[in-house]
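J.: Got a file for you: model_0.cif, mmCIF, C-alpha atoms.
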```
data_work
loop_
_atom_site.label_atom_id
_atom_site.label_comp_id
_atom_site.auth_asym_id
_atom_site.auth_seq_id
_atom_site.Cartn_x
_atom_site.Cartn_y
_atom_site.Cartn_z
CA MET A 25 0.00 0.00 0.00
CA LYS A 26 2.82 2.34 0.89
CA GLY A 27 4.57 1.60 -2.42
CA THR A 28 1.38 2.33 -4.33
CA LEU A 29 0.98 5.67 -2.54
CA VAL A 30 4.53 6.68 -3.48
CA VAL A 31 3.88 5.87 -7.15
CA VAL A 32 0.69 7.94 -7.13
CA LEU A 33 2.49 10.88 -5.55
CA VAL A 34 5.33 10.66 -8.07
CA LEU A 35 2.85 10.61 -10.97
CA ALA A 36 0.96 13.57 -9.51
CA VAL A 37 4.15 15.62 -9.16
CA THR A 38 5.23 14.64 -12.67
CA LEU A 39 1.90 15.68 -14.20
CA CYS A 40 1.96 19.00 -12.39
CA THR A 41 5.43 19.83 -13.66
CA VAL A 42 4.88 18.89 -17.34
CA PRO A 43 4.78 22.23 -19.21
CA VAL A 44 1.55 23.02 -21.02
CA SER A 45 2.29 24.04 -24.59
CA ALA A 46 1.66 27.75 -24.92
CA GLU A 47 -0.69 28.96 -27.63
CA SER A 48 1.15 30.70 -30.46
CA ILE A 49 -0.01 34.27 -30.96
CA LEU A 50 0.88 36.56 -33.85
CA LYS A 51 0.13 40.26 -33.51
CA VAL A 52 -0.06 41.92 -36.91
CA GLY A 53 -0.69 45.62 -37.46
CA ALA A 54 -2.70 46.72 -40.49
CA THR A 55 -4.68 49.56 -41.99
CA PRO A 56 -8.40 48.73 -42.13
CA VAL A 57 -9.06 48.30 -45.87
CA PRO A 58 -8.08 46.01 -47.49
CA HIS A 59 -5.25 44.81 -45.25
CA ALA A 60 -7.16 44.07 -42.05
CA GLU A 61 -10.00 42.57 -44.09
CA ILE A 62 -7.57 40.18 -45.79
CA LEU A 63 -6.02 39.28 -42.43
CA HIS A 64 -9.44 38.51 -40.92
CA MET A 65 -9.97 36.10 -43.81
CA ILE A 66 -6.93 33.99 -42.82
CA VAL A 67 -7.74 33.75 -39.09
CA PRO A 68 -9.25 30.24 -39.45
CA ILE A 69 -6.38 29.12 -41.73
CA LEU A 70 -3.82 30.00 -39.07
CA LYS A 71 -6.02 28.59 -36.32
CA GLU A 72 -5.64 25.17 -37.94
CA GLU A 73 -1.87 25.66 -37.62
CA GLY A 74 -2.18 26.38 -33.89
CA ILE A 75 -1.71 30.14 -34.32
CA THR A 76 -4.04 32.83 -32.99
CA LEU A 77 -3.89 35.92 -35.19
CA GLU A 78 -4.43 39.23 -33.38
CA ILE A 79 -5.07 42.12 -35.77
CA VAL A 80 -4.21 45.63 -34.56
CA GLU A 81 -5.63 48.39 -36.76
CA PHE A 82 -3.83 51.65 -37.53
CA THR A 83 -4.96 54.64 -39.58
CA ASP A 84 -1.58 56.12 -40.45
CA TYR A 85 1.61 55.07 -42.23
CA VAL A 86 4.13 55.78 -39.44
CA ARG A 87 3.04 54.12 -36.22
CA PRO A 88 2.76 50.55 -37.61
CA ASN A 89 6.48 50.46 -38.45
CA LEU A 90 7.51 52.02 -35.14
CA ALA A 91 5.32 49.54 -33.24
CA LEU A 92 6.93 46.67 -35.15
CA GLN A 93 10.45 47.92 -34.52
CA GLU A 94 9.69 48.39 -30.82
CA GLY A 95 8.37 44.83 -30.45
CA GLU A 96 4.69 45.67 -29.98
CA LEU A 97 3.88 43.75 -33.16
CA ASP A 98 5.23 40.61 -34.81
CA ALA A 99 4.54 41.94 -38.31
CA ASN A 100 2.63 44.63 -40.15
CA PHE A 101 0.71 44.74 -43.41
CA PHE A 102 -0.03 48.14 -44.93
CA GLN A 103 2.85 49.36 -47.11
CA HIS A 104 4.78 48.75 -50.31
CA LEU A 105 8.50 48.02 -50.47
CA PRO A 106 9.68 51.46 -51.70
CA TYR A 107 7.91 53.06 -48.71
CA LEU A 108 9.49 50.56 -46.30
CA GLU A 109 12.96 51.18 -47.71
CA SER A 110 12.50 54.94 -47.39
CA PHE A 111 11.16 54.56 -43.84
CA ASN A 112 14.11 52.38 -42.81
CA GLN A 113 16.52 55.00 -44.06
CA ASP A 114 14.76 57.93 -42.38
CA ALA A 115 13.87 56.25 -39.07
CA ARG A 116 16.94 53.98 -38.87
CA THR A 117 14.74 50.93 -38.47
CA ASP A 118 15.69 47.40 -39.53
CA LEU A 119 12.54 46.00 -41.12
CA VAL A 120 12.34 43.66 -44.10
CA SER A 121 9.73 42.23 -46.43
CA LEU A 122 8.31 38.80 -45.59
CA VAL A 123 6.00 38.35 -48.59
CA GLY A 124 4.34 40.41 -51.32
CA VAL A 125 0.55 40.10 -51.41
CA HIS A 126 -1.18 42.60 -53.68
CA VAL A 127 -1.12 45.90 -55.54
CA GLU A 128 -3.53 48.72 -54.74
CA PRO A 129 -3.54 50.89 -57.86
CA LEU A 130 -3.06 54.57 -57.11
CA GLY A 131 -5.76 56.74 -58.66
CA VAL A 132 -6.72 60.31 -59.47
CA TYR A 133 -10.14 61.20 -58.03
CA ALA A 134 -12.41 64.25 -58.16
CA THR A 135 -15.90 65.26 -57.11
CA LYS A 136 -15.97 68.52 -59.06
CA HIS A 137 -14.89 67.10 -62.43
CA THR A 138 -15.72 64.00 -64.46
CA SER A 139 -12.49 63.71 -66.46
CA LEU A 140 -8.91 64.94 -66.47
CA ASP A 141 -9.78 67.09 -69.49
CA ASP A 142 -12.17 69.06 -67.28
CA LEU A 143 -9.42 70.20 -64.92
CA PRO A 144 -9.10 73.98 -65.27
CA SER A 145 -5.97 76.07 -65.52
CA ARG A 146 -4.40 76.50 -62.06
CA ALA A 147 -6.33 73.53 -60.74
CA THR A 148 -5.53 72.48 -57.18
CA LEU A 149 -4.38 68.87 -56.96
CA ALA A 150 -3.65 67.10 -53.66
CA ILE A 151 -0.97 64.41 -53.43
CA PRO A 152 0.52 62.39 -50.51
CA ASN A 153 3.10 64.29 -48.48
CA ASP A 154 5.48 61.37 -47.85
CA ALA A 155 8.39 61.15 -50.29
CA THR A 156 7.62 57.69 -51.67
CA ASN A 157 3.89 58.04 -52.31
CA GLY A 158 4.28 61.67 -53.33
CA GLY A 159 6.78 60.64 -55.98
CA ARG A 160 4.53 57.79 -57.08
CA ALA A 161 1.64 60.27 -57.44
CA LEU A 162 3.72 62.62 -59.61
CA LEU A 163 4.76 59.72 -61.84
CA LEU A 164 1.10 58.82 -62.24
CA LEU A 165 0.25 62.41 -63.21
CA GLN A 166 3.06 62.32 -65.74
CA GLU A 167 1.66 59.07 -67.15
CA ALA A 168 -1.72 60.80 -67.41
CA GLY A 169 -0.12 63.58 -69.46
CA LEU A 170 -0.68 66.40 -66.97
CA ILE A 171 2.97 67.15 -66.18
CA LYS A 172 6.49 66.25 -67.22
CA LEU A 173 9.19 65.40 -64.67
CA ASP A 174 12.96 65.60 -64.68
CA PRO A 175 13.91 62.04 -65.73
CA LYS A 176 16.98 62.09 -63.48
CA THR A 177 14.82 61.85 -60.34
CA GLY A 178 13.86 58.18 -60.85
CA ILE A 179 10.95 56.92 -58.73
CA THR A 180 11.12 59.62 -56.05
CA PRO A 181 10.47 62.95 -57.79
CA THR A 182 9.18 65.94 -55.83
CA ILE A 183 7.06 68.87 -56.93
CA PHE A 184 10.35 70.75 -57.50
CA ASP A 185 11.20 68.23 -60.25
CA VAL A 186 8.21 69.20 -62.40
CA GLU A 187 9.73 70.51 -65.63
CA GLU A 188 6.56 71.06 -67.61
CA ASN A 189 3.19 72.03 -66.14
CA PRO A 190 1.07 73.40 -69.00
CA ARG A 191 -2.05 73.83 -66.87
CA ASN A 192 -0.14 75.47 -64.01
CA ILE A 193 -1.47 72.90 -61.58
CA ARG A 194 -1.00 73.90 -57.96
CA PHE A 195 0.05 70.99 -55.77
CA ILE A 196 -1.10 70.54 -52.19
CA GLU A 197 0.75 67.92 -50.14
CA LEU A 198 -1.33 66.19 -47.46
CA GLU A 199 -1.03 63.15 -45.24
CA ALA A 200 -2.22 60.15 -47.28
CA ALA A 201 -5.06 59.40 -44.86
CA GLN A 202 -6.50 62.90 -45.35
CA LEU A 203 -6.61 62.94 -49.14
CA SER A 204 -10.10 61.48 -49.59
CA ARG A 205 -11.45 64.08 -47.17
CA SER A 206 -9.90 66.87 -49.25
CA LEU A 207 -11.94 66.13 -52.39
CA ALA A 208 -14.54 68.80 -51.62
CA ASP A 209 -11.81 71.44 -51.32
CA VAL A 210 -9.57 70.62 -54.30
CA ASP A 211 -10.06 69.99 -57.99
CA ALA A 212 -8.59 66.50 -57.74
CA ALA A 213 -6.52 64.27 -55.48
CA VAL A 214 -4.21 61.32 -55.97
CA ILE A 215 -5.29 58.75 -53.40
CA ASN A 216 -3.77 55.45 -52.29
CA GLY A 217 -5.97 52.45 -53.02
CA ASN A 218 -6.55 51.48 -49.38
CA TYR A 219 -7.73 54.96 -48.43
CA ALA A 220 -9.91 55.19 -51.53
CA LEU A 221 -11.62 51.93 -50.58
CA GLN A 222 -11.96 53.08 -46.99
CA ALA A 223 -13.72 56.24 -48.22
CA GLY A 224 -16.20 54.20 -50.24
CA LEU A 225 -14.54 54.89 -53.59
CA ASN A 226 -14.15 52.12 -56.16
CA PRO A 227 -10.80 52.67 -57.91
CA VAL A 228 -11.97 50.94 -61.08
CA LEU A 229 -15.25 52.85 -61.36
CA ASP A 230 -14.59 56.18 -59.64
CA SER A 231 -11.05 57.17 -60.58
CA LEU A 232 -10.33 59.56 -63.44
CA PHE A 233 -7.01 57.80 -64.04
CA LEU A 234 -5.71 54.60 -62.49
CA GLU A 235 -2.27 53.09 -62.09
CA GLY A 236 -1.66 49.87 -64.02
CA ALA A 237 -1.69 46.46 -62.34
CA ASN A 238 2.00 46.01 -63.26
CA SER A 239 2.94 48.60 -60.66
CA PRO A 240 6.21 47.98 -58.76
CA TYR A 241 4.46 49.14 -55.58
CA VAL A 242 3.47 45.70 -54.25
CA ASN A 243 2.00 45.72 -50.75
CA ILE A 244 4.06 43.55 -48.42
CA VAL A 245 4.08 42.07 -44.95
CA ALA A 246 6.98 43.59 -43.01
CA ILE A 247 8.86 41.95 -40.14
CA ARG A 248 12.00 42.58 -38.11
CA ALA A 249 15.18 41.39 -39.83
CA ALA A 250 16.00 39.18 -36.84
CA ASP A 251 12.75 37.22 -37.33
CA VAL A 252 13.22 36.00 -40.90
CA GLU A 253 13.54 32.36 -39.76
CA ASP A 254 10.47 32.43 -37.49
CA SER A 255 8.28 29.42 -38.33
CA ASN A 256 5.01 31.12 -37.36
CA LEU A 257 5.76 34.04 -39.67
CA ALA A 258 6.48 31.54 -42.44
CA LYS A 259 2.99 30.11 -41.88
CA LEU A 260 1.58 33.65 -42.04
CA ALA A 261 3.29 34.15 -45.42
CA LEU A 262 1.90 30.85 -46.74
CA ALA A 263 -1.62 31.71 -45.60
CA LEU A 264 -1.49 35.11 -47.31
CA SER A 265 -0.29 33.43 -50.52
CA SER A 266 -3.04 30.82 -50.52
CA GLU A 267 -5.65 30.26 -53.22
CA GLN A 268 -8.33 31.20 -50.66
CA VAL A 269 -6.81 34.67 -50.29
CA ARG A 270 -6.39 35.09 -54.03
CA SER A 271 -10.06 34.26 -54.61
CA PHE A 272 -11.13 36.53 -51.76
CA ILE A 273 -9.22 39.50 -53.21
CA LEU A 274 -10.53 38.99 -56.74
CA GLU A 275 -14.14 38.50 -55.66
CA THR A 276 -14.23 41.19 -52.97
CA TYR A 277 -12.43 44.09 -54.63
CA GLU A 278 -13.22 43.42 -58.32
CA GLY A 279 -9.96 44.86 -59.67
CA ALA A 280 -9.48 47.59 -57.07
CA VAL A 281 -6.94 45.31 -55.37
CA VAL A 282 -4.84 42.96 -57.50
CA PRO A 283 -3.13 39.82 -56.08
CA VAL A 284 0.48 39.32 -57.16
CA PHE A 285 0.86 35.59 -56.43
#
```
Would you mind writing the file out in structure tokens?
T.:
Amino acid sequence: MKGTLVVVLVLAVTLCTVPVSAESILKVGATPVPHAEILHMIVPILKEEGITLEIVEFTDYVRPNLALQEGELDANFFQHLPYLESFNQDARTDLVSLVGVHVEPLGVYATKHTSLDDLPSRATLAIPNDATNGGRALLLLQEAGLIKLDPKTGITPTIFDVEENPRNIRFIELEAAQLSRSLADVDAAVINGNYALQAGLNPVLDSLFLEGANSPYVNIVAIRAADVEDSNLAKLALALSSEQVRSFILETYEGAVVPVF
């Protein structure tokens, strides 16, 4: 009887000291549309892999990278690679791309005019105030035939690199998140796809001019450089590159968001 009691006690102690496997949690920051919507779609996919996906929404282009660098997030999903590279240089962060997911075509929008031909002389045109998206906007306006840029500036021209401006367009630089709200006050605005969607605009139907789907500005998932071998982040990348996500993007956004995988 005494021997049996000892065995029971040993088993009890052993069971109490066996570590319970902790649930894997990934915290990913994202802007609401379409990034957070796409992330919500993969929650059950990751759940099957034993990963709980926590989605933290942001409404600006600065805080998600700072939160990632500071360890508040495991990844973020809101930006394209040229923006990330510019941010790393300016903020001295060490973030890298995990996977490319989609392109959100940049578009020219207006509520006062129905075509670019309607824009008057000295029209006011709002563009993003960050260097990367501002340059992208100017390149789009050049493609639309409204301006001509100094070719030496590459993909990051500024308003000071406009060499020809036959309509004497006046540029207003605003934070990207504010551009859709400026439409009542300007003749036109160049708006990022996510903010256009968030404002209820359909890039395919509502834009006066739209960036092509072959844009180099692919939206990526960013992570810290030290985490490139993380197995849970690898599963996140696979989930975002799945056929389910591709179908979701095509069916939900009808060309306003274009998958790249």
J.: Run the PyMOL selection byres ((chain A and resi 54-69) around 9) on the file and write out the hits as an MDAnalysis selection string.
T.: chainID A and resid 52:53 70:73 75:85 88 99:102 128 217:222 260 263:264 268:269 272:273 277 281
J.: Specify the axis-aligned box that encloses all atoms of segment 87-101 of chain A listed in the file after padding of 3 Å on each side, stating its centre and edge lengths in Å to one decimal as AutoDock Vina command-line options.
T.:
```
--center_x 5.6 --center_y 47.4 --center_z -36.7 --size_x 15.7 --size_y 19.5 --size_z 19.4
```
J.: Using all atoms listed in the file, find the one residue out of A:Leu170, A:Leu262, A:Ala134, A:Leu140 that sits nearest to Ile215 of chain A.
T.: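 Closest to Ile215 of chain A of all the choices is A:Ala134.
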J.: What does the distance between atom CA of Glu47 of chain A and atom CA of Lys259 of chain A come to in Å, to one decimal place?
T.: 14.8 Å
J.: Just so the selection is clear, what residues does the PyMOL selection byres ((chain A and resi 233-238) around 9) cover here, as a PyMOL selection string?
T.: chain A and resi 127-133+139-140+164-165+167-168+227-228+230-232+239-241+279+281-282
J.: Could you write out the selected residues, including C-alpha atoms, as an mmCIF file, in the coordinates of the input?
T.:
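Once written, result24.cif looks like this:
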```
data_model
loop_
_atom_site.group_PDB
_atom_site.id
_atom_site.type_symbol
_atom_site.label_atom_id
_atom_site.label_comp_id
_atom_site.auth_asym_id
_atom_site.auth_seq_id
_atom_site.Cartn_x
_atom_site.Cartn_y
_atom_site.Cartn_z
ATOM 1 C CA VAL A 127 -1.120 45.900 -55.540
ATOM 2 C CA GLU A 128 -3.530 48.720 -54.740
ATOM 3 C CA PRO A 129 -3.540 50.890 -57.860
ATOM 4 C CA LEU A 130 -3.060 54.570 -57.110
ATOM 5 C CA GLY A 131 -5.760 56.740 -58.660
ATOM 6 C CA VAL A 132 -6.720 60.310 -59.470
ATOM 7 C CA TYR A 133 -10.140 61.200 -58.030
ATOM 8 C CA SER A 139 -12.490 63.710 -66.460
ATOM 9 C CA LEU A 140 -8.910 64.940 -66.470
ATOM 10 C CA LEU A 164 1.100 58.820 -62.240
ATOM 11 C CA LEU A 165 0.250 62.410 -63.210
ATOM 12 C CA GLU A 167 1.660 59.070 -67.150
ATOM 13 C CA ALA A 168 -1.720 60.800 -67.410
ATOM 14 C CA PRO A 227 -10.800 52.670 -57.910
ATOM 15 C CA VAL A 228 -11.970 50.940 -61.080
ATOM 16 C CA ASP A 230 -14.590 56.180 -59.640
ATOM 17 C CA SER A 231 -11.050 57.170 -60.580
ATOM 18 C CA LEU A 232 -10.330 59.560 -63.440
ATOM 19 C CA SER A 239 2.940 48.600 -60.660
ATOM 20 C CA PRO A 240 6.210 47.980 -58.760
ATOM 21 C CA TYR A 241 4.460 49.140 -55.580
ATOM 22 C CA GLY A 279 -9.960 44.860 -59.670
ATOM 23 C CA VAL A 281 -6.940 45.310 -55.370
ATOM 24 C CA VAL A 282 -4.840 42.960 -57.500
#
```
J.: Out of A:Asn243, A:Asn256, A:Gln166, A:Ser204, which residue has the shortest atom-to-atom distance to Gln103 of chain A when counting all atoms listed in the file?
T.: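 So, comparing all the options, the nearest one is A:Asn243.
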J.: To one decimal in Å, tell me the separation between atom CA of Arg160 of chain A and atom CA of Ser266 of chain A.
T.: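 Result for atom CA of Arg160 of chain A versus atom CA of Ser266 of chain A: 28.8 Å, one decimal.
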J.: Which of these, A:Asp251, A:Ile151, A:Gly178, A:Leu163, has the shortest distance to Leu198 of chain A once you count all atoms listed in the file?
T.: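 Among A:Asp251, A:Ile151, A:Gly178, A:Leu163, it is A:Ile151 that comes nearest to Leu198 of chain A.
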J.: Could you tell me which residues the PyMOL selection byres ((chain A and resi 196) around 6) returns for this structure, as a short mmCIF file (atom, residue, chain, number, x, y, z; two decimals) with C-alpha atoms, in the frame of the given file?
T.:
```
data_model
loop_
_atom_site.label_atom_id
_atom_site.label_comp_id
_atom_site.auth_asym_id
_atom_site.auth_seq_id
_atom_site.Cartn_x
_atom_site.Cartn_y
_atom_site.Cartn_z
CA ALA A 150 -3.65 67.10 -53.66
CA PHE A 195 0.05 70.99 -55.77
CA GLU A 197 0.75 67.92 -50.14
#
```
J.: As an exercise, work out the distance from atom CA of Ser145 of chain A to atom CA of Phe184 of chain A in Å and give it to one decimal place.
T.: 18.9 Å
J.: Using only C-alpha atoms for the distances, tell me which of A:Leu149, A:Leu229, A:Ala201, A:Ala246 is nearest to Val214 of chain A.
T.: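 Nearest candidate to Val214 of chain A out of A:Leu149, A:Leu229, A:Ala201, A:Ala246: A:Leu149.
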J.: Just want the 9 Å neighbourhood of Gln93 of chain A, counted on all atoms listed in the file, with same-chain residues fewer than 6 positions away dropped. Output as a PyMOL selection string.
T.: chain A and resi 117-119+247-248
J.: Point out the residue among A:Asp141, A:Glu96, A:Asp185, A:Glu199 with the least atom-to-atom distance to Asn157 of chain A, counting only C-alpha atoms.
T.: A:Glu199
J.: So which one's closest to Thr180 of chain A, A:Leu203, A:Ser110, A:Ala147, A:Ala115? Using all atoms listed in the file, please.
T.: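 Checking each of A:Leu203, A:Ser110, A:Ala147, A:Ala115 against Thr180 of chain A, counting all atoms listed in the file, the winner is A:Ser110.
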